[in-house]
Amino acid sequence: MESFKILKGKTAPLDMIDVDTDQIIPKQFLKKIERTGFGVHLFHDWRYLDDEGDILNQDFVLNSPRYKGAKILVTGENFGCGSSREHAPWALFDYGFKCIISPSFADIFFNNCRKNGILAVVLKKEEVEYLFDEIESNEGYQLTVDLPKQVVSTPNGKNFSFEVDSFAKNCLLKGLDDIGWTLQYKEKIKDFEKKVVTQKPWLFLEK
């Protein structure tokens, strides 16, 4: 997993509330176990006018050329609600989003973002509204998200602080998912396993 430290990137707005995971990645695309290849299906029912994904919906904000290549998504409250499918952050990351800013997230989605290298930032509602106005008024708008300092900075010098759990911060800074975090202690795990074999040999008797 990629480490997340400081991200400066083009920012796209999705000024909608209660965006659920079935809209982020519809159920008909949940046919793979790999984490890649889902970006093309992100927001499928909003991005396309046909089931095959051949005809773009030109009215959908992310289809605007001005937001092509965006790495940061600013969106409304309760983002990622609905089912707990981990494919939702997979699709967002595969599309290119490394950070999502919202007034609030669904809990499971919020945790799944961290596990997949996406920084989910909670800002005040009025701060998010300010960002929507700024993005709309300035083509090519870029934000800087500084995880070590826990600050979102705008091009005109405004800074918005955000909270982040120390464990999540440590994992993102080091680029560790749950498995990677566990493997930091692989030598201790091996030592423990050796001790168990010695102390409780009956657990390992062949039947």
# chains A, B, ... in the order shown; residues from 1 in each chain; ligands from 1
>>> residues_around(residues="Gln28 (chain A)", least_positions_apart="2", cutoff="12 Å", atoms="only C-alpha atoms", output="JSON, numbers by chain")
{"A": [22, 23, 24, 25, 26, 30, 31, 32, 38, 41, 42, 44, 45, 51, 52, 87]}
>>> residues_around(residues="region 71-78 of chain A", least_positions_apart="5", cutoff="7 Å", atoms="only C-alpha atoms", output="list in words")
Gly9, Lys10, Thr11, Ala12, Pro13, Leu14, Asp15, Met16, Ile17, Asp18, Val19, Gly96, Phe97, Lys98, Cys99, Ile100, Ile101, Ser102, Pro103, Ser104, Phe105 and Ala106 of chain A
>>> residues_around(residues="Phe160 (chain A)", least_positions_apart="6", cutoff="12 Å", atoms="only C-alpha atoms", output="JSON, numbers by chain")
{"A": [101, 121, 122, 123, 124, 125, 126, 127, 128, 130, 131, 143, 144, 145, 146, 147, 149, 150, 151, 152, 153, 154]}
>>> atom_distance(atom1="CA of Asn170 (chain A)", atom2="CA of Ser3 (chain A)")
9.7 Å
>>> closest_residue(among="A:Glu139, A:Asp191, A:Glu34, A:Asp20", to="Arg85 (chain A)", atoms="only C-alpha atoms")
A:Asp20
>>> closest_residue(among="A:Ser64, A:Ile33, A:Pro89, A:Arg114", to="Phe167 (chain A)", atoms="only C-alpha atoms")
A:Arg114
>>> select_by_dssp(residues="region 29-136 of chain A", states="strand (DSSP E or B)", output="PyMOL selection string")
chain A and resi 48+56+72-75+79+81+99-102+105+119-122
>>> closest_residue(among="A:Pro148, A:Pro201, A:Gly37, A:Gly53", to="Lys169 (chain A)", atoms="only C-alpha atoms")
A:Pro148
>>> atom_distance(atom1="CA of Phe60 (chain A)", atom2="CA of Tyr48 (chain A)")
8.6 Å
>>> closest_residue(among="A:Phe132, A:Leu205, A:Tyr95, A:Leu56", to="Gly39 (chain A)", atoms="only C-alpha atoms")
A:Tyr95
>>> atom_distance(atom1="CA of Asn57 (chain A)", atom2="CA of Cys81 (chain A)")
23.7 Å
>>> residues_around(residues="Ala168 (chain A)", least_positions_apart="4", cutoff="12 Å", atoms="only C-alpha atoms", output="list of chain:residue names")
A:Ser3, A:Phe4, A:Phe110, A:Asn111, A:Asn112, A:Cys113, A:Arg114, A:Lys115, A:Asn116, A:Gly117, A:Ile118, A:Leu119, A:Ala120, A:Val121, A:Leu147, A:Pro148, A:Glu163, A:Val164, A:Leu172, A:Leu173, A:Lys174, A:Gly175, A:Leu176, A:Asp177, A:Asp178, A:Trp181
>>> write_last_selection(atoms="N, CA and C atoms", output="CSV table (one decimal), in the first residue's frame")
chain,number,residue,atom,x,y,z
A,3,SER,N,2.2,4.9,0.9
A,3,SER,CA,2.2,5.8,2.1
A,3,SER,C,1.5,7.1,1.7
A,4,PHE,N,0.9,7.7,2.7
A,4,PHE,CA,0.2,9.0,2.5
A,4,PHE,C,0.8,10.0,3.4
A,110,PHE,N,-15.6,4.6,6.3
A,110,PHE,CA,-14.5,5.4,6.8
A,110,PHE,C,-13.3,4.5,7.2
A,111,ASN,N,-13.5,3.4,7.9
A,111,ASN,CA,-12.5,2.5,8.2
A,111,ASN,C,-11.9,1.8,7.0
A,112,ASN,N,-12.8,1.4,6.1
A,112,ASN,CA,-12.3,0.8,4.9
A,112,ASN,C,-11.4,1.7,4.0
A,113,CYS,N,-11.6,3.0,4.1
A,113,CYS,CA,-10.7,3.9,3.4
A,113,CYS,C,-9.3,3.8,3.9
A,114,ARG,N,-9.2,3.9,5.2
A,114,ARG,CA,-7.8,3.8,5.8
A,114,ARG,C,-7.2,2.5,5.4
A,115,LYS,N,-7.9,1.4,5.4
A,115,LYS,CA,-7.3,0.1,5.1
A,115,LYS,C,-6.8,0.0,3.7
A,116,ASN,N,-7.3,0.9,2.8
A,116,ASN,CA,-7.0,0.8,1.4
A,116,ASN,C,-6.2,2.1,0.9
A,117,GLY,N,-5.6,2.8,1.9
A,117,GLY,CA,-4.7,3.9,1.5
A,117,GLY,C,-5.4,5.2,1.2
A,118,ILE,N,-6.7,5.3,1.5
A,118,ILE,CA,-7.4,6.6,1.2
A,118,ILE,C,-7.5,7.4,2.5
A,119,LEU,N,-7.2,8.6,2.5
A,119,LEU,CA,-7.4,9.5,3.7
A,119,LEU,C,-8.8,10.1,3.7
A,120,ALA,N,-9.6,9.7,4.6
A,120,ALA,CA,-10.9,10.3,4.7
A,120,ALA,C,-10.9,11.5,5.8
A,121,VAL,N,-11.1,12.7,5.3
A,121,VAL,CA,-11.0,13.9,6.2
A,121,VAL,C,-12.3,14.4,6.5
A,147,LEU,N,-1.0,15.3,6.0
A,147,LEU,CA,-1.4,14.4,7.1
A,147,LEU,C,-0.5,14.5,8.3
A,148,PRO,N,0.8,14.7,8.2
A,148,PRO,CA,1.6,14.9,9.5
A,148,PRO,C,1.1,16.1,10.3
A,163,GLU,N,-9.1,16.1,12.6
A,163,GLU,CA,-8.7,15.1,13.5
A,163,GLU,C,-8.4,13.8,12.8
A,164,VAL,N,-7.5,13.0,13.3
A,164,VAL,CA,-7.3,11.6,12.8
A,164,VAL,C,-6.8,10.7,13.9
A,172,LEU,N,-1.3,5.0,7.6
A,172,LEU,CA,-1.3,5.7,6.4
A,172,LEU,C,0.1,6.3,6.1
A,173,LEU,N,0.7,6.8,7.1
A,173,LEU,CA,2.0,7.4,6.9
A,173,LEU,C,3.0,6.3,6.5
A,174,LYS,N,2.9,5.1,7.0
A,174,LYS,CA,3.8,4.0,6.7
A,174,LYS,C,3.4,3.2,5.5
A,175,GLY,N,2.1,3.5,5.0
A,175,GLY,CA,1.6,2.7,3.9
A,175,GLY,C,1.3,1.2,4.3
A,176,LEU,N,0.7,1.1,5.5
A,176,LEU,CA,0.4,-0.3,6.0
A,176,LEU,C,-1.1,-0.5,6.1
A,177,ASP,N,-1.6,-1.6,5.5
A,177,ASP,CA,-2.9,-2.1,5.7
A,177,ASP,C,-2.9,-3.0,7.0
A,178,ASP,N,-4.0,-3.6,7.3
A,178,ASP,CA,-4.0,-4.4,8.6
A,178,ASP,C,-2.9,-5.5,8.5
A,181,TRP,N,0.5,-4.0,8.9
A,181,TRP,CA,0.8,-3.6,10.3
A,181,TRP,C,1.2,-4.8,11.1
>>> select_by_dssp(residues="region 1-203 of chain A", states="alpha helix (DSSP H)", output="PyMOL selection string")
chain A and resi 21-24+44-47+87-95+107-115+125-137+166-174+178-183+186-199
>>> write_last_selection(atoms="C-alpha atoms", output="CSV table (one decimal), in the first residue's frame")
chain,number,residue,atom,x,y,z
A,21,THR,CA,-21.8,2.4,-1.6
A,22,ASP,CA,-24.2,1.0,-4.2
A,23,GLN,CA,-23.9,4.2,-6.1
A,24,ILE,CA,-20.1,4.3,-5.6
A,44,HIS,CA,-21.5,4.0,-13.0
A,45,ASP,CA,-25.2,4.9,-12.9
A,46,TRP,CA,-24.4,8.6,-12.7
A,47,ARG,CA,-21.4,8.6,-15.1
A,87,HIS,CA,-15.1,-2.5,-3.2
A,88,ALA,CA,-16.3,1.1,-2.7
A,89,PRO,CA,-12.8,2.5,-1.6
A,90,TRP,CA,-11.2,0.1,-4.1
A,91,ALA,CA,-13.2,1.8,-6.9
A,92,LEU,CA,-12.4,5.3,-5.6
A,93,PHE,CA,-8.7,4.6,-5.3
A,94,ASP,CA,-8.5,2.8,-8.7
A,95,TYR,CA,-10.2,5.9,-10.3
A,107,ASP,CA,-18.3,4.3,9.9
A,108,ILE,CA,-17.5,1.1,8.0
A,109,PHE,CA,-16.7,3.0,4.8
A,110,PHE,CA,-14.5,5.4,6.8
A,111,ASN,CA,-12.5,2.5,8.2
A,112,ASN,CA,-12.3,0.8,4.9
A,113,CYS,CA,-10.7,3.9,3.4
A,114,ARG,CA,-7.8,3.8,5.8
A,115,LYS,CA,-7.3,0.1,5.1
A,125,LYS,CA,-20.0,21.6,7.2
A,126,GLU,CA,-19.3,25.3,6.6
A,127,GLU,CA,-15.7,24.5,5.7
A,128,VAL,CA,-16.9,22.0,3.1
A,129,GLU,CA,-19.4,24.5,1.7
A,130,TYR,CA,-16.6,27.0,1.4
A,131,LEU,CA,-14.6,24.5,-0.6
A,132,PHE,CA,-17.5,23.8,-2.9
A,133,ASP,CA,-17.7,27.5,-3.7
A,134,GLU,CA,-14.0,27.8,-4.3
A,135,ILE,CA,-13.8,24.7,-6.5
A,136,GLU,CA,-16.7,25.9,-8.6
A,137,SER,CA,-15.2,29.4,-9.0
A,166,SER,CA,-3.3,7.9,15.9
A,167,PHE,CA,-3.4,4.3,14.7
A,168,ALA,CA,-5.0,5.3,11.3
A,169,LYS,CA,-2.4,8.1,10.9
A,170,ASN,CA,0.5,5.8,11.6
A,171,CYS,CA,-0.8,3.2,9.2
A,172,LEU,CA,-1.3,5.7,6.4
A,173,LEU,CA,2.0,7.4,6.9
A,174,LYS,CA,3.8,4.0,6.7
A,178,ASP,CA,-4.0,-4.4,8.6
A,179,ILE,CA,-1.8,-7.3,7.2
A,180,GLY,CA,1.2,-5.0,6.8
A,181,TRP,CA,0.8,-3.6,10.3
A,182,THR,CA,0.7,-7.2,11.7
A,183,LEU,CA,3.8,-8.2,9.7
A,186,LYS,CA,6.5,-11.2,12.4
A,187,GLU,CA,9.6,-12.0,14.5
A,188,LYS,CA,7.6,-11.8,17.7
A,189,ILE,CA,4.9,-13.9,16.2
A,190,LYS,CA,7.4,-16.5,15.2
A,191,ASP,CA,8.9,-16.5,18.8
A,192,PHE,CA,5.4,-16.9,20.2
A,193,GLU,CA,4.6,-19.8,17.9
A,194,LYS,CA,7.9,-21.6,18.9
A,195,LYS,CA,7.0,-21.1,22.6
A,196,VAL,CA,3.5,-22.5,22.1
A,197,VAL,CA,4.9,-25.6,20.4
A,198,THR,CA,7.3,-26.2,23.4
A,199,GLN,CA,4.8,-25.3,26.2
